[in-house]
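J.: Structure file start14.txt, compact mmCIF, C-alpha atoms and all ligand atoms, is pasted below:
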# COMPACT_ATOMS: atom_id res chain seq x y z
CA MET A 940 0.00 0.00 0.00
CA SER A 941 1.42 3.36 -0.98
CA GLU A 942 0.68 6.31 1.30
CA ASP A 943 1.14 8.74 -1.58
CA ARG A 944 -1.27 7.20 -3.99
CA TYR A 945 -4.55 9.00 -4.48
CA LEU A 946 -7.74 7.03 -4.11
CA THR A 947 -10.06 8.14 -6.88
CA PHE A 948 -13.86 8.18 -6.62
CA ALA A 949 -16.22 8.30 -9.61
CA LEU A 950 -19.65 9.54 -8.60
CA GLY A 951 -22.78 9.33 -10.74
CA LYS A 952 -23.88 12.94 -11.41
CA GLY A 953 -26.98 14.32 -9.75
CA ARG A 954 -28.84 13.32 -6.60
CA LEU A 955 -26.71 10.27 -5.87
CA ALA A 956 -23.51 12.34 -5.96
CA ASN A 957 -24.97 14.92 -3.56
CA LYS A 958 -26.13 12.21 -1.15
CA THR A 959 -22.72 10.51 -1.39
CA LEU A 960 -20.89 13.74 -0.61
CA GLU A 961 -23.16 14.28 2.43
CA LEU A 962 -22.39 10.78 3.61
CA LEU A 963 -18.63 11.19 3.09
CA GLU A 964 -18.78 14.52 4.93
CA SER A 965 -20.43 12.80 7.89
CA ILE A 966 -17.31 10.64 8.28
CA GLY A 967 -14.96 13.61 7.93
CA ILE A 968 -14.20 13.37 4.23
CA THR A 969 -14.86 16.72 2.62
CA CYS A 970 -14.18 18.24 -0.73
CA GLU A 971 -14.90 21.98 -0.54
CA GLU A 972 -14.01 22.51 -4.21
CA MET A 973 -16.87 20.31 -5.29
CA LYS A 974 -19.52 22.41 -3.59
CA ASP A 975 -19.15 25.29 -6.03
CA LYS A 976 -22.19 24.72 -8.22
CA ASN A 977 -20.96 27.15 -10.89
CA SER A 978 -17.68 25.39 -11.44
CA ARG A 979 -17.17 23.52 -14.71
CA LYS A 980 -14.20 21.68 -13.27
CA LEU A 981 -14.49 17.93 -13.59
CA ILE A 982 -12.08 16.62 -11.01
CA PHE A 983 -11.51 17.64 -7.39
CA THR A 984 -8.78 16.79 -4.94
CA ASN A 985 -8.48 16.55 -1.18
CA GLU A 986 -4.70 16.84 -0.83
CA GLU A 987 -4.68 16.10 2.87
CA LEU A 988 -6.51 12.79 2.63
CA LYS A 989 -5.05 11.95 -0.77
CA LEU A 990 -8.46 11.56 -2.36
CA ARG A 991 -9.72 12.61 -5.78
CA PHE A 992 -13.34 12.83 -6.89
CA PHE A 993 -14.93 13.20 -10.28
CA LEU A 994 -18.50 13.34 -11.49
CA ALA A 995 -19.49 11.18 -14.44
CA LYS A 996 -22.65 10.11 -16.23
CA GLY A 997 -24.14 7.20 -14.26
CA PRO A 998 -23.63 4.50 -16.92
CA ASP A 999 -19.96 5.53 -17.26
CA VAL A 1000 -19.17 5.01 -13.56
CA PRO A 1001 -18.77 1.18 -13.76
CA THR A 1002 -16.59 1.71 -16.87
CA TYR A 1003 -14.18 4.03 -15.03
CA VAL A 1004 -14.06 1.59 -12.12
CA GLU A 1005 -13.54 -1.54 -14.25
CA TYR A 1006 -10.58 0.06 -16.04
CA GLY A 1007 -9.11 1.36 -12.79
CA ALA A 1008 -9.44 5.03 -13.80
CA ALA A 1009 -11.40 5.25 -10.54
CA ASP A 1010 -10.77 2.95 -7.57
CA ILE A 1011 -14.24 3.42 -6.14
CA GLY A 1012 -17.58 4.31 -7.69
CA VAL A 1013 -21.04 5.16 -6.45
CA VAL A 1014 -23.93 4.40 -8.75
CA GLY A 1015 -27.42 2.90 -8.79
CA ARG A 1016 -27.81 -0.87 -8.81
CA ASP A 1017 -29.82 -0.48 -12.05
CA THR A 1018 -26.68 0.82 -13.77
CA ILE A 1019 -24.48 -1.88 -12.25
CA LEU A 1020 -26.82 -4.62 -13.52
CA GLU A 1021 -27.22 -3.04 -16.93
CA GLU A 1022 -23.52 -2.37 -17.52
CA ASN A 1023 -22.42 -5.75 -16.13
CA ARG A 1024 -18.79 -4.69 -15.61
CA ASN A 1025 -16.04 -6.50 -13.77
CA VAL A 1026 -16.28 -4.62 -10.45
CA TYR A 1027 -16.86 -5.60 -6.83
CA GLU A 1028 -20.08 -4.36 -5.27
CA VAL A 1029 -19.08 -3.72 -1.65
CA LEU A 1030 -21.83 -1.71 0.01
CA ASP A 1031 -25.52 -0.88 -0.22
CA LEU A 1032 -25.67 2.83 0.65
CA GLY A 1033 -29.40 2.63 1.33
CA PHE A 1034 -30.39 5.81 -0.48
CA GLY A 1035 -31.87 6.17 -3.95
CA LYS A 1036 -34.27 3.35 -3.12
CA CYS A 1037 -36.64 2.37 -5.93
CA ARG A 1038 -37.71 -0.73 -7.90
CA MET A 1039 -37.13 -2.06 -11.39
CA CYS A 1040 -40.53 -3.16 -12.65
CA VAL A 1041 -42.43 -4.43 -15.64
CA CYS A 1042 -45.18 -1.85 -16.18
CA GLY A 1043 -47.98 -1.28 -18.61
CA PRO A 1044 -51.72 -0.84 -18.86
CA ALA A 1045 -53.61 -3.23 -16.55
CA ALA A 1046 -54.79 -5.22 -19.57
CA ALA A 1047 -51.20 -6.11 -20.48
CA GLY A 1048 -50.92 -8.21 -17.30
CA GLU A 1049 -52.52 -11.07 -19.20
CA LEU A 1050 -49.71 -11.03 -21.80
CA LEU A 1051 -47.21 -11.84 -19.08
CA GLN A 1052 -49.00 -15.03 -18.05
CA HIS A 1053 -48.91 -17.05 -21.25
CA HIS A 1054 -45.37 -16.69 -22.59
CA GLU A 1055 -46.61 -14.63 -25.51
CA ARG A 1056 -44.10 -12.89 -27.77
CA ILE A 1057 -44.57 -9.31 -26.67
CA ARG A 1058 -42.71 -6.04 -27.21
CA VAL A 1059 -40.85 -4.57 -24.26
CA ALA A 1060 -39.46 -1.01 -24.31
CA SER A 1061 -36.71 -0.13 -21.87
CA LYS A 1062 -33.74 2.07 -21.12
CA TYR A 1063 -32.33 -1.13 -19.60
CA PRO A 1064 -32.31 -3.74 -22.42
CA HIS A 1065 -29.84 -6.00 -20.60
CA ILE A 1066 -31.94 -6.14 -17.41
CA ALA A 1067 -35.14 -6.60 -19.46
CA LYS A 1068 -33.57 -9.40 -21.50
CA ASP A 1069 -32.23 -11.18 -18.44
CA TYR A 1070 -35.61 -10.99 -16.71
CA PHE A 1071 -37.74 -12.22 -19.60
CA PHE A 1072 -35.34 -14.75 -21.12
CA ASN A 1073 -33.65 -16.20 -18.05
CA LYS A 1074 -36.18 -15.78 -15.24
CA LYS A 1075 -39.54 -15.95 -17.00
CA HIS A 1076 -38.44 -18.02 -20.02
CA GLN A 1077 -40.55 -15.78 -22.22
CA THR A 1078 -39.31 -14.78 -25.67
CA VAL A 1079 -39.83 -11.07 -26.18
CA ASP A 1080 -38.70 -8.30 -28.54
CA ILE A 1081 -36.77 -5.67 -26.67
CA ILE A 1082 -36.80 -2.09 -27.89
CA LYS A 1083 -34.17 0.23 -26.45
CA LEU A 1084 -35.33 3.75 -25.53
CA ASN A 1085 -33.33 6.53 -23.89
CA GLY A 1086 -35.95 8.05 -21.58
CA SER A 1087 -39.65 8.83 -21.15
CA VAL A 1088 -40.10 5.09 -21.56
CA GLU A 1089 -43.70 5.30 -20.29
CA LEU A 1090 -44.59 6.54 -23.78
CA GLY A 1091 -43.96 3.03 -25.14
CA PRO A 1092 -47.37 1.47 -24.35
CA ILE A 1093 -49.21 4.80 -24.73
CA VAL A 1094 -48.24 5.26 -28.37
CA GLU A 1095 -48.30 1.49 -28.97
CA LEU A 1096 -44.60 1.12 -29.58
CA SER A 1097 -44.55 -1.67 -27.02
CA ASP A 1098 -46.90 -3.80 -24.90
CA VAL A 1099 -45.04 -3.18 -21.65
CA ILE A 1100 -41.96 -1.39 -20.33
CA VAL A 1101 -39.19 -2.33 -17.92
CA ASP A 1102 -38.36 0.80 -15.95
CA ILE A 1103 -37.58 2.34 -12.60
CA VAL A 1104 -40.52 3.07 -10.30
CA GLU A 1105 -39.88 5.34 -7.34
CA THR A 1106 -43.06 7.11 -6.19
CA GLY A 1107 -45.24 5.64 -8.95
CA SER A 1108 -46.46 9.13 -10.02
CA THR A 1109 -45.19 8.85 -13.60
CA LEU A 1110 -47.09 5.58 -14.03
CA ARG A 1111 -50.29 6.90 -12.42
CA GLU A 1112 -50.29 10.09 -14.46
CA ASN A 1113 -49.99 8.07 -17.64
CA GLY A 1114 -52.57 5.38 -16.88
CA LEU A 1115 -50.01 2.63 -16.35
CA GLU A 1116 -49.30 0.32 -13.42
CA VAL A 1117 -46.72 -2.05 -12.01
CA LEU A 1118 -47.38 -5.53 -13.41
CA GLU A 1119 -44.37 -7.38 -12.00
CA GLU A 1120 -41.35 -6.45 -9.88
CA VAL A 1121 -37.95 -7.30 -11.35
CA CYS A 1122 -35.74 -6.28 -8.40
CA PRO A 1123 -35.22 -3.66 -5.70
CA LEU A 1124 -32.67 -0.91 -6.37
CA SER A 1125 -30.56 1.54 -4.37
CA ALA A 1126 -27.20 3.29 -4.56
CA ARG A 1127 -24.19 0.96 -4.28
CA MET A 1128 -20.47 1.40 -3.78
CA ILE A 1129 -18.32 -0.48 -6.27
CA VAL A 1130 -14.57 -1.11 -6.24
CA ASN A 1131 -12.00 -1.99 -8.88
CA PRO A 1132 -10.77 -5.57 -8.18
CA VAL A 1133 -7.05 -4.63 -8.46
CA SER A 1134 -7.51 -1.58 -6.19
CA MET A 1135 -9.20 -3.89 -3.71
CA GLN A 1136 -5.94 -5.85 -3.49
CA MET A 1137 -3.46 -2.99 -3.71
CA GLU A 1138 -5.28 -0.55 -1.42
CA ARG A 1139 -7.16 -3.09 0.65
CA GLU A 1140 -6.52 -1.50 4.05
CA ARG A 1141 -7.60 2.01 3.05
CA ILE A 1142 -10.65 0.81 1.16
CA ILE A 1143 -11.84 -1.60 3.88
CA LYS A 1144 -11.38 1.11 6.52
CA LEU A 1145 -13.45 3.53 4.47
CA VAL A 1146 -16.18 0.96 3.75
CA ASN A 1147 -16.38 0.08 7.46
CA GLN A 1148 -16.62 3.74 8.48
CA ILE A 1149 -19.46 4.30 6.04
CA ARG A 1150 -21.19 1.08 7.09
CA GLU A 1151 -21.07 2.13 10.77
CA LYS A 1152 -22.42 5.58 9.92
CA LEU A 1153 -25.28 4.02 7.97
CA GLU A 1154 -26.06 1.65 10.86
CA GLU A 1155 -26.09 4.59 13.30
CA SER A 1156 -28.57 6.55 11.27
CA LYS A 1157 -30.97 3.62 10.86
C1 LIG B 1201 -37.33 7.84 -13.97
C2 LIG B 1201 -37.97 6.55 -14.45
C3 LIG B 1201 -39.45 6.85 -14.40
C4 LIG B 1201 -39.55 7.81 -13.22
C5 LIG B 1201 -40.04 7.04 -12.02
O1 LIG B 1201 -37.25 8.69 -15.03
O2 LIG B 1201 -37.50 6.19 -15.73
O3 LIG B 1201 -39.84 7.49 -15.59
O4 LIG B 1201 -38.25 8.32 -12.97
O5 LIG B 1201 -40.25 7.88 -10.91
P1 LIG B 1201 -41.64 7.95 -10.16
O6 LIG B 1201 -42.10 6.54 -9.88
O7 LIG B 1201 -41.30 8.68 -8.87
O8 LIG B 1201 -42.59 8.72 -11.00
P2 LIG B 1201 -36.33 9.98 -15.06
O9 LIG B 1201 -36.99 11.08 -14.32
O10 LIG B 1201 -34.97 9.63 -14.58
O11 LIG B 1201 -36.29 10.40 -16.59
P3 LIG B 1201 -36.30 9.55 -17.93
O12 LIG B 1201 -37.71 9.12 -18.16
O13 LIG B 1201 -35.85 10.51 -18.96
O14 LIG B 1201 -35.38 8.38 -17.76
Step by step, read the file and then write its structure as structure tokens.

T.:
Amino acid sequence: MSEDRYLTFALGKGRLANKTLELLESIGITCEEMKDKNSRKLIFTNEELKLRFFLAKGPDVPTYVEYGAADIGVVGRDTILEENRNVYEVLDLGFGKCRMCVCGPAAAGELLQHHERIRVASKYPHIAKDYFFNKKHQTVDIIKLNGSVELGPIVELSDVIVDIVETGSTLRENGLEVLEEVCPLSARMIVNPVSMQMERERIIKLVNQIREKLEESK
């Protein structure tokens, strides 16, 4: 273990990053530079603790971590499952809780019972494919969308969607409902497998500190 080596964090931009920074701050890890909302800077350093942080698009976080460009990443479990990268998932951070679900109009529920060949729209084609092909043994056509997936059944692009449900408002406001639950989701901490060996002590210490803090606030 080298004392001089920086540990680099890749954080998924947006709410997860803010929550992660709050959590890190609660265990004494701060990065003042990062709080300047007007800054266009992409990477921030805490010289004292030898830590670096950068913000990336969620789906890119597992990529940075797999290649070792970041030692540690924080990202939603949805992204981890979809990207399927070679990373260790070490901690459930407990925030960003939601569910991956198969949704559609109530009438589409029937289509899920008889192994019919249906059309499934999703921002998460890998998760959708794994669920229908491997768990339900149902052959389906998967259509990749990049957002506003709820439109799929409304404009008859697809029969159902596989998407994230948090409060359920988007579904309700568009006349759709949860038909089946695929899996629960929340923010997770991931680690590069080589970093886990080379910087084991520092990483384990950090993970334990965060775990204790999370336990305390339960
Ligand atoms: C996500 C998700 C749902 C919505 C669920 O979309 O894809 O559309 O949030 O939240 P709710 O159950 O609280 O309504 P997001 O806002 O990230 O935008 P997107 O549709 O462009 O992916």

J.: Which residue out of A:Glu1155, A:Glu1138, A:Asp1102, A:Asp943 has the minimum interatomic distance to Val1041 in chain A when all atoms listed in the file are used?

T.: A:Asp1102

J.: One decimal, Å: what's the distance from CA of Lys1144 in chain A over to CA of Ile966 in chain A, could you say?

T.: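 Rounded to one decimal, the two atoms are 11.4 Å apart.
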
J.: May I ask for the distance between CA of Pro1001 in chain A and CA of Ile1129 in chain A, given in Å to one decimal place?

T.: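 Value for the CA of Pro1001 in chain A-CA of Ile1129 in chain A distance: 7.7 Å.
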
J.: When you count all atoms listed in the file, which of these residues is closest to ligand LIG 1201 (chain B): A:Ile1066, A:Leu1090, A:Val1079, A:Ile1103?

T.: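 That would be A:Ile1103, the residue with the smallest distance to ligand LIG 1201 (chain B).
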
J.: Which residues are close to Ala995 in chain A, i.e. within 10 Å by all atoms listed in the file, leaving aside same-chain residues fewer than 3 positions away? Reply as a list in words.

T.: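 Residues near the query, excluding close chain neighbours: Ala949, Leu950, Gly951, Lys952, Gly953, Ala956, Leu981, Ile982, Phe992, Pro998, Asp999, Val1000, Tyr1003, Gly1012 and Val1014 of chain A.
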
J.: Would you mind telling me which residue in A:Asp1017, A:Glu1049, A:Glu964, A:Glu972 lies nearest to Val1101 in chain A when using all atoms listed in the file?

T.: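 Smallest distance to Val1101 in chain A is found for A:Asp1017.
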